[in-house]
Amino acid sequence: MSAAFPCRLSRPGVVCSLGDDLDTIARALFTGERGLTISDAFTPGRPLPLGRVVGELPDATGWPKDHRSRNNRLLALALERIAAELEPLLARVPRDRIGVVIGTSTSGIGETELALADSGREGPLPEDFAYARQELGAPARFIAERLGITGPCYALSTACSSSARALASARRLLKSGQCDAVIAGGADSLCRLTVNGFASLEAVSDAPCLPFSRHRDGINLGEAAALFVVTPEAGGIQLAGVGESVDAHHISAPRPDGSGAAEAMRQAMAMAGRDPAEIDYLNLHGTGTRLNDSMEAAAVATLFATPPACSSTKALTGHTLGAAGALEAAFCWLALEQGKRPRHVFDGEYDPDIPALPLVTADAMPARPLHHALSNSFAFGGNNASLLLSRAE
């Protein structure tokens, strides 16, 4: 791929624990306001901080039963938030030339949990149960059927890098000529399987997470949907480069030296034709676990003689898993549009045993202009992705 290929990212549609309109989200993002609520809804007897979406979502009652899931309700609201982009697109581009690529890890598994709770171990599943809701391709199919789109339609599920890879795939569909536009992003909703799964790995913190702190002890989980219209047009905010690697070091633990993560960042910068010194902001994967943060700090130190201003927004939203890549790309989009960097929130006690990173804290706001932002998403199995967004001159 060539950096000269234009790949415009529209104004995103975002639904997360910080809100569902960009003004509200930006205000929280740039002031460091956490969007976490304490709940034991998924872990009875163990209240956890969660990035739950608490606002009203579209009513799914009249939808085909295959589409009735919380994931799709999150996506429906995100679609509403990009209506201004979708209406002219659907009017000028044939529906078979528009693609849909969505990243997810939960799809509609939460609804299956409810159905099993209702039926018990031996009873028949409820009449309105639809297995198709939990298929990983369900969110992409929902958007395509809702909009009457007949172009390429698929989902990616590479855990926490899913929707970053969906955006990378959108770029490939455009450059290969298979599509004239792609609706791309991701969605994941909280459910018992996810929350208890991470708890069983001893990766969940009982307190608001502290990425890169010496006291960090795990992640907070969250839910979100984030969507872009991606087109081969110049101007605006560009998806200038993507990088992807798989180091396959361990089923859940990252490669300690960060070499796979560094390779993804290196590829993204190379595709965009940018040197490390040109990166003005780095959105860290920054989960708040011992291993992830030390690995990522090592990877950044490998590539950058002087690292750019950095922050992890997972302290604000929780880790939204399959939606995280697209959500944090949307945060970078906002950063480039408004010329501000998202705030890093932790206890102020940086881990002295890992390479130092210049975190964007309340008393350290860099004055350097924002032109290029790199966003990291690192997943189980060493599924690494980095996206480089640039503001067109």
# chains A, B, ... in the order shown; residues from 1 in each chain; ligands from 1
call {"tool": "residues_around", "arguments": {"residues": "range 27-32 of chain A", "least_positions_apart": "3", "cutoff": "10 Å", "atoms": "only C-alpha atoms", "output": "PyMOL selection string"}}
result
chain A and resi 18-19+22-24+35+313+315-317+331+334-335+338+340-346+360-362
call {"tool": "residues_around", "arguments": {"residues": "range 81-97 of chain A", "least_positions_apart": "5", "cutoff": "6 Å", "atoms": "only C-alpha atoms", "output": "list of chain:residue names"}}
result
A:Gly13, A:Ile149, A:Thr150, A:Gly151, A:Cys179, A:Asp180
call {"tool": "atom_distance", "arguments": {"atom1": "CA of Gly55 in chain A", "atom2": "CA of Ala76 in chain A"}}
result
13.3 Å
call {"tool": "select_by_dssp", "arguments": {"residues": "range 247-390 of chain A", "states": "strand (DSSP E or B)", "output": "list in words"}}
result
Tyr281, Leu282, Asn283, Ala309, Cys310, Ser311, His319, Tyr350, Leu359, His372, Ala373, Leu374, Ser375, Asn376, Ser377, Phe378, Ala379, Asn383, Asn384, Ala385, Ser386, Leu387, Leu388, Leu389 and Ser390 of chain A
call {"tool": "write_last_selection", "arguments": {"atoms": "C-alpha atoms", "output": "PDB file, in the first residue's frame"}}
result
ATOM      1  CA  TYR A 281       0.244  11.851  20.043  1.00  0.00           C
ATOM      2  CA  LEU A 282       0.142   8.158  20.891  1.00  0.00           C
ATOM      3  CA  ASN A 283      -3.054   6.559  22.161  1.00  0.00           C
ATOM      4  CA  ALA A 309       2.783  12.663  24.352  1.00  0.00           C
ATOM      5  CA  CYS A 310       0.853   9.538  25.379  1.00  0.00           C
ATOM      6  CA  SER A 311      -2.315   8.558  27.200  1.00  0.00           C
ATOM      7  CA  HIS A 319     -11.597  -1.678  28.063  1.00  0.00           C
ATOM      8  CA  TYR A 350       4.521   5.957  37.326  1.00  0.00           C
ATOM      9  CA  LEU A 359       1.841  10.917  29.848  1.00  0.00           C
ATOM     10  CA  HIS A 372      -0.383  12.855  13.352  1.00  0.00           C
ATOM     11  CA  ALA A 373      -1.822  10.482  15.962  1.00  0.00           C
ATOM     12  CA  LEU A 374      -0.974   6.802  16.386  1.00  0.00           C
ATOM     13  CA  SER A 375      -3.394   4.429  18.132  1.00  0.00           C
ATOM     14  CA  ASN A 376      -2.444   1.005  19.501  1.00  0.00           C
ATOM     15  CA  SER A 377      -4.627  -2.088  19.933  1.00  0.00           C
ATOM     16  CA  PHE A 378      -3.001  -5.270  21.218  1.00  0.00           C
ATOM     17  CA  ALA A 379      -4.962  -8.480  21.704  1.00  0.00           C
ATOM     18  CA  ASN A 383      -2.869  -9.921  17.554  1.00  0.00           C
ATOM     19  CA  ASN A 384      -1.436  -6.418  17.251  1.00  0.00           C
ATOM     20  CA  ALA A 385      -2.746  -3.450  15.265  1.00  0.00           C
ATOM     21  CA  SER A 386      -1.763   0.202  15.025  1.00  0.00           C
ATOM     22  CA  LEU A 387      -3.594   2.940  13.145  1.00  0.00           C
ATOM     23  CA  LEU A 388      -2.024   6.236  12.108  1.00  0.00           C
ATOM     24  CA  LEU A 389      -4.483   9.100  11.657  1.00  0.00           C
ATOM     25  CA  SER A 390      -3.376  12.370  10.080  1.00  0.00           C
TER      26      SER A 390
END
call {"tool": "closest_atom_pairs", "arguments": {"of": "range 237-261 of chain A", "to": "range 216-231 of chain A", "cutoff": "12 Å", "atoms": "only C-alpha atoms", "output": "CSV"}}
result
residue,atom,partner,partner_atom,distance
A:Ile237,CA,A:Val230,CA,10.3
A:Gln238,CA,A:Val230,CA,9.2
A:Leu239,CA,A:Val230,CA,8.7
A:Ala240,CA,A:Val230,CA,11.9
call {"tool": "write_last_selection", "arguments": {"atoms": "N, CA, C and O atoms", "output": "PDB file, in the first residue's frame"}}
result
ATOM      1  N   ILE A 237      -9.781  14.103   8.095  1.00  0.00           N
ATOM      2  CA  ILE A 237      -8.912  13.219   8.877  1.00  0.00           C
ATOM      3  C   ILE A 237      -8.697  11.949   8.063  1.00  0.00           C
ATOM      4  O   ILE A 237      -9.653  11.278   7.671  1.00  0.00           O
ATOM      5  N   GLN A 238      -7.443  11.614   7.830  1.00  0.00           N
ATOM      6  CA  GLN A 238      -7.082  10.486   6.988  1.00  0.00           C
ATOM      7  C   GLN A 238      -6.607   9.297   7.823  1.00  0.00           C
ATOM      8  O   GLN A 238      -5.891   9.474   8.820  1.00  0.00           O
ATOM      9  N   LEU A 239      -7.006   8.096   7.405  1.00  0.00           N
ATOM     10  CA  LEU A 239      -6.382   6.876   7.919  1.00  0.00           C
ATOM     11  C   LEU A 239      -5.154   6.662   7.054  1.00  0.00           C
ATOM     12  O   LEU A 239      -5.183   5.989   6.022  1.00  0.00           O
ATOM     13  N   ALA A 240      -4.056   7.274   7.469  1.00  0.00           N
ATOM     14  CA  ALA A 240      -2.875   7.361   6.625  1.00  0.00           C
ATOM     15  C   ALA A 240      -2.046   6.088   6.613  1.00  0.00           C
ATOM     16  O   ALA A 240      -1.345   5.806   5.639  1.00  0.00           O
TER      17      ALA A 240
END
call {"tool": "closest_residue", "arguments": {"among": "A:Asp257, A:Thr289, A:Gly318, A:Ala270", "to": "Pro355 in chain A", "atoms": "only C-alpha atoms"}}
result
A:Asp257
call {"tool": "residues_around", "arguments": {"residues": "His250 in chain A", "least_positions_apart": "6", "cutoff": "9 Å", "atoms": "only C-alpha atoms", "output": "list in words"}}
result
Phe380, Gly381 and Gly382 of chain A
call {"tool": "write_last_selection", "arguments": {"atoms": "all heavy atoms", "output": "PDB file, in the first residue's frame"}}
result
ATOM      1  N   PHE A 380      -5.180 -10.677  22.682  1.00  0.00           N
ATOM      2  CA  PHE A 380      -4.779 -12.039  23.002  1.00  0.00           C
ATOM      3  C   PHE A 380      -4.152 -12.696  21.769  1.00  0.00           C
ATOM      4  O   PHE A 380      -4.542 -12.428  20.631  1.00  0.00           O
ATOM      5  CB  PHE A 380      -5.982 -12.868  23.441  1.00  0.00           C
ATOM      6  CG  PHE A 380      -6.455 -12.581  24.837  1.00  0.00           C
ATOM      7  CD1 PHE A 380      -7.631 -13.156  25.305  1.00  0.00           C
ATOM      8  CD2 PHE A 380      -5.748 -11.758  25.690  1.00  0.00           C
ATOM      9  CE1 PHE A 380      -8.085 -12.908  26.593  1.00  0.00           C
ATOM     10  CE2 PHE A 380      -6.186 -11.510  26.982  1.00  0.00           C
ATOM     11  CZ  PHE A 380      -7.366 -12.087  27.429  1.00  0.00           C
ATOM     12  N   GLY A 381      -3.217 -13.599  22.024  1.00  0.00           N
ATOM     13  CA  GLY A 381      -2.570 -14.303  20.925  1.00  0.00           C
ATOM     14  C   GLY A 381      -1.555 -13.466  20.184  1.00  0.00           C
ATOM     15  O   GLY A 381      -1.030 -13.891  19.155  1.00  0.00           O
ATOM     16  N   GLY A 382      -1.281 -12.257  20.691  1.00  0.00           N
ATOM     17  CA  GLY A 382      -0.345 -11.377  19.999  1.00  0.00           C
ATOM     18  C   GLY A 382      -0.912 -10.765  18.745  1.00  0.00           C
ATOM     19  O   GLY A 382      -0.181 -10.426  17.811  1.00  0.00           O
TER      20      GLY A 382
END
call {"tool": "residues_around", "arguments": {"residues": "Ala299 in chain A", "least_positions_apart": "6", "cutoff": "10 Å", "atoms": "only C-alpha atoms", "output": "mmCIF file with N, CA, C and O atoms, in the first residue's frame"}}
result
data_model
loop_
_atom_site.group_PDB
_atom_site.id
_atom_site.type_symbol
_atom_site.label_atom_id
_atom_site.label_comp_id
_atom_site.auth_asym_id
_atom_site.auth_seq_id
_atom_site.Cartn_x
_atom_site.Cartn_y
_atom_site.Cartn_z
ATOM 1 N N PRO A 256 6.814 -10.309 26.078
ATOM 2 C CA PRO A 256 7.362 -9.340 27.030
ATOM 3 C C PRO A 256 8.209 -8.237 26.428
ATOM 4 O O PRO A 256 8.205 -7.107 26.914
ATOM 5 N N ASP A 257 8.949 -8.537 25.339
ATOM 6 C CA ASP A 257 9.836 -7.515 24.782
ATOM 7 C C ASP A 257 9.109 -6.509 23.890
ATOM 8 O O ASP A 257 9.703 -5.530 23.440
ATOM 9 N N GLY A 258 7.821 -6.753 23.625
ATOM 10 C CA GLY A 258 7.041 -5.807 22.835
ATOM 11 C C GLY A 258 7.390 -5.769 21.361
ATOM 12 O O GLY A 258 6.979 -4.854 20.645
ATOM 13 N N SER A 259 8.113 -6.761 20.861
ATOM 14 C CA SER A 259 8.575 -6.713 19.472
ATOM 15 C C SER A 259 7.418 -6.775 18.471
ATOM 16 O O SER A 259 7.457 -6.104 17.432
ATOM 17 N N GLY A 260 6.392 -7.572 18.773
ATOM 18 C CA GLY A 260 5.247 -7.624 17.870
ATOM 19 C C GLY A 260 4.482 -6.313 17.853
ATOM 20 O O GLY A 260 4.053 -5.833 16.790
ATOM 21 N N ALA A 261 4.303 -5.719 19.018
ATOM 22 C CA ALA A 261 3.638 -4.423 19.103
ATOM 23 C C ALA A 261 4.435 -3.351 18.371
ATOM 24 O O ALA A 261 3.875 -2.518 17.640
ATOM 25 N N ALA A 262 5.764 -3.369 18.552
ATOM 26 C CA ALA A 262 6.616 -2.402 17.861
ATOM 27 C C ALA A 262 6.519 -2.564 16.351
ATOM 28 O O ALA A 262 6.513 -1.565 15.603
ATOM 29 N N GLU A 263 6.424 -3.809 15.878
ATOM 30 C CA GLU A 263 6.322 -4.039 14.437
ATOM 31 C C GLU A 263 5.033 -3.448 13.871
ATOM 32 O O GLU A 263 5.032 -2.871 12.775
ATOM 33 N N ALA A 264 3.918 -3.567 14.595
ATOM 34 C CA ALA A 264 2.663 -2.980 14.123
ATOM 35 C C ALA A 264 2.786 -1.460 14.014
ATOM 36 O O ALA A 264 2.355 -0.854 13.023
ATOM 37 N N MET A 265 3.382 -0.830 15.030
ATOM 38 C CA MET A 265 3.575 0.626 14.971
ATOM 39 C C MET A 265 4.505 1.014 13.826
ATOM 40 O O MET A 265 4.257 1.993 13.097
ATOM 41 N N ASP A 293 1.194 -3.236 30.183
ATOM 42 C CA ASP A 293 1.785 -1.903 30.231
ATOM 43 C C ASP A 293 3.308 -1.951 30.141
ATOM 44 O O ASP A 293 3.933 -1.094 29.501
ATOM 45 N N PRO A 355 10.183 1.566 30.970
ATOM 46 C CA PRO A 355 10.633 2.794 30.300
ATOM 47 C C PRO A 355 9.654 3.939 30.504
ATOM 48 O O PRO A 355 8.440 3.749 30.480
#
call {"tool": "select_by_dssp", "arguments": {"residues": "range 167-329 of chain A", "states": "helix (DSSP H, G or I)", "output": "number ranges by chain"}}
result
A: 167-175, 192-200, 259-272, 276-278, 290-303, 314-317, 321-329
call {"tool": "residues_around", "arguments": {"residues": "Asn196 in chain A", "least_positions_apart": "6", "cutoff": "10 Å", "atoms": "only C-alpha atoms", "output": "PDB file with C-alpha atoms, in the first residue's frame"}}
result
ATOM      1  CA  PHE A  42     -22.299  -9.566  36.047  1.00  0.00           C
ATOM      2  CA  THR A  43     -20.362 -10.673  39.131  1.00  0.00           C
ATOM      3  CA  GLU A 202      -7.149 -12.464  37.488  1.00  0.00           C
ATOM      4  CA  VAL A 204      -9.799  -7.404  36.523  1.00  0.00           C
TER       5      VAL A 204
END
call {"tool": "residues_around", "arguments": {"residues": "range 162-170 of chain A", "least_positions_apart": "3", "cutoff": "6 Å", "atoms": "only C-alpha atoms", "output": "number ranges by chain"}}
result
A: 101-103, 156-159, 173, 182, 184-186, 242, 322-323, 325-326
call {"tool": "write_last_selection", "arguments": {"atoms": "N, CA and C atoms", "output": "short mmCIF file (atom, residue, chain, number, x, y, z; two decimals), in the first residue's frame"}}
result
data_model
loop_
_atom_site.label_atom_id
_atom_site.label_comp_id
_atom_site.auth_asym_id
_atom_site.auth_seq_id
_atom_site.Cartn_x
_atom_site.Cartn_y
_atom_site.Cartn_z
N VAL A 101 -17.69 -3.55 7.48
CA VAL A 101 -16.73 -4.38 8.21
C VAL A 101 -16.79 -3.96 9.68
N ILE A 102 -17.12 -4.90 10.55
CA ILE A 102 -17.30 -4.62 11.97
C ILE A 102 -16.43 -5.56 12.80
N GLY A 103 -15.82 -5.01 13.84
CA GLY A 103 -15.07 -5.82 14.78
C GLY A 103 -15.90 -6.05 16.04
N LEU A 156 -14.79 -9.09 11.93
CA LEU A 156 -13.50 -9.58 12.37
C LEU A 156 -13.55 -9.74 13.88
N SER A 157 -12.95 -10.83 14.37
CA SER A 157 -12.93 -11.06 15.81
C SER A 157 -11.54 -11.52 16.21
N THR A 158 -10.69 -10.54 16.50
CA THR A 158 -9.34 -10.82 16.98
C THR A 158 -9.19 -10.20 18.37
N ALA A 159 -10.22 -10.44 19.20
CA ALA A 159 -10.25 -9.92 20.57
C ALA A 159 -10.09 -8.39 20.54
N LEU A 173 -10.22 -2.66 1.23
CA LEU A 173 -11.35 -2.79 0.31
C LEU A 173 -11.42 -1.61 -0.64
N VAL A 182 -16.92 2.30 2.70
CA VAL A 182 -17.08 1.22 3.68
C VAL A 182 -17.55 1.82 5.00
N ALA A 184 -17.32 1.14 8.69
CA ALA A 184 -16.42 0.29 9.46
C ALA A 184 -16.33 0.77 10.90
N GLY A 185 -16.08 -0.17 11.79
CA GLY A 185 -15.94 0.16 13.20
C GLY A 185 -16.10 -1.09 14.04
N GLY A 186 -16.71 -0.93 15.20
CA GLY A 186 -16.86 -2.08 16.08
C GLY A 186 -17.89 -1.87 17.16
N VAL A 242 -1.72 1.82 8.40
CA VAL A 242 -2.14 0.75 9.30
C VAL A 242 -0.99 -0.25 9.43
N GLY A 322 -13.60 -5.69 21.69
CA GLY A 322 -13.66 -5.63 20.23
C GLY A 322 -13.97 -4.26 19.68
N ALA A 323 -14.56 -3.38 20.48
CA ALA A 323 -14.87 -2.03 20.05
C ALA A 323 -13.73 -1.05 20.30
N GLY A 325 -10.53 -0.61 19.39
CA GLY A 325 -9.74 -0.04 18.30
C GLY A 325 -10.44 1.08 17.59
N ALA A 326 -11.73 0.88 17.26
CA ALA A 326 -12.50 1.92 16.58
C ALA A 326 -12.82 3.07 17.53
#
call {"tool": "closest_residue", "arguments": {"among": "A:Ala132, A:Phe198, A:Ala203, A:Glu33", "to": "Pro64 in chain A", "atoms": "only C-alpha atoms"}}
result
A:Ala132
call {"tool": "closest_residue", "arguments": {"among": "A:Val100, A:Arg146, A:Ile109, A:Ile38", "to": "Glu80 in chain A", "atoms": "only C-alpha atoms"}}
result
A:Arg146
call {"tool": "closest_residue", "arguments": {"among": "A:Thr302, A:Ser161, A:Thr104, A:Ser200", "to": "Gly243 in chain A", "atoms": "only C-alpha atoms"}}
result
A:Ser161
call {"tool": "residues_around", "arguments": {"residues": "Gln134 in chain A", "least_positions_apart": "4", "cutoff": "9 Å", "atoms": "only C-alpha atoms", "output": "ChimeraX atom specification"}}
result
/A:66,69,106-112,130,138
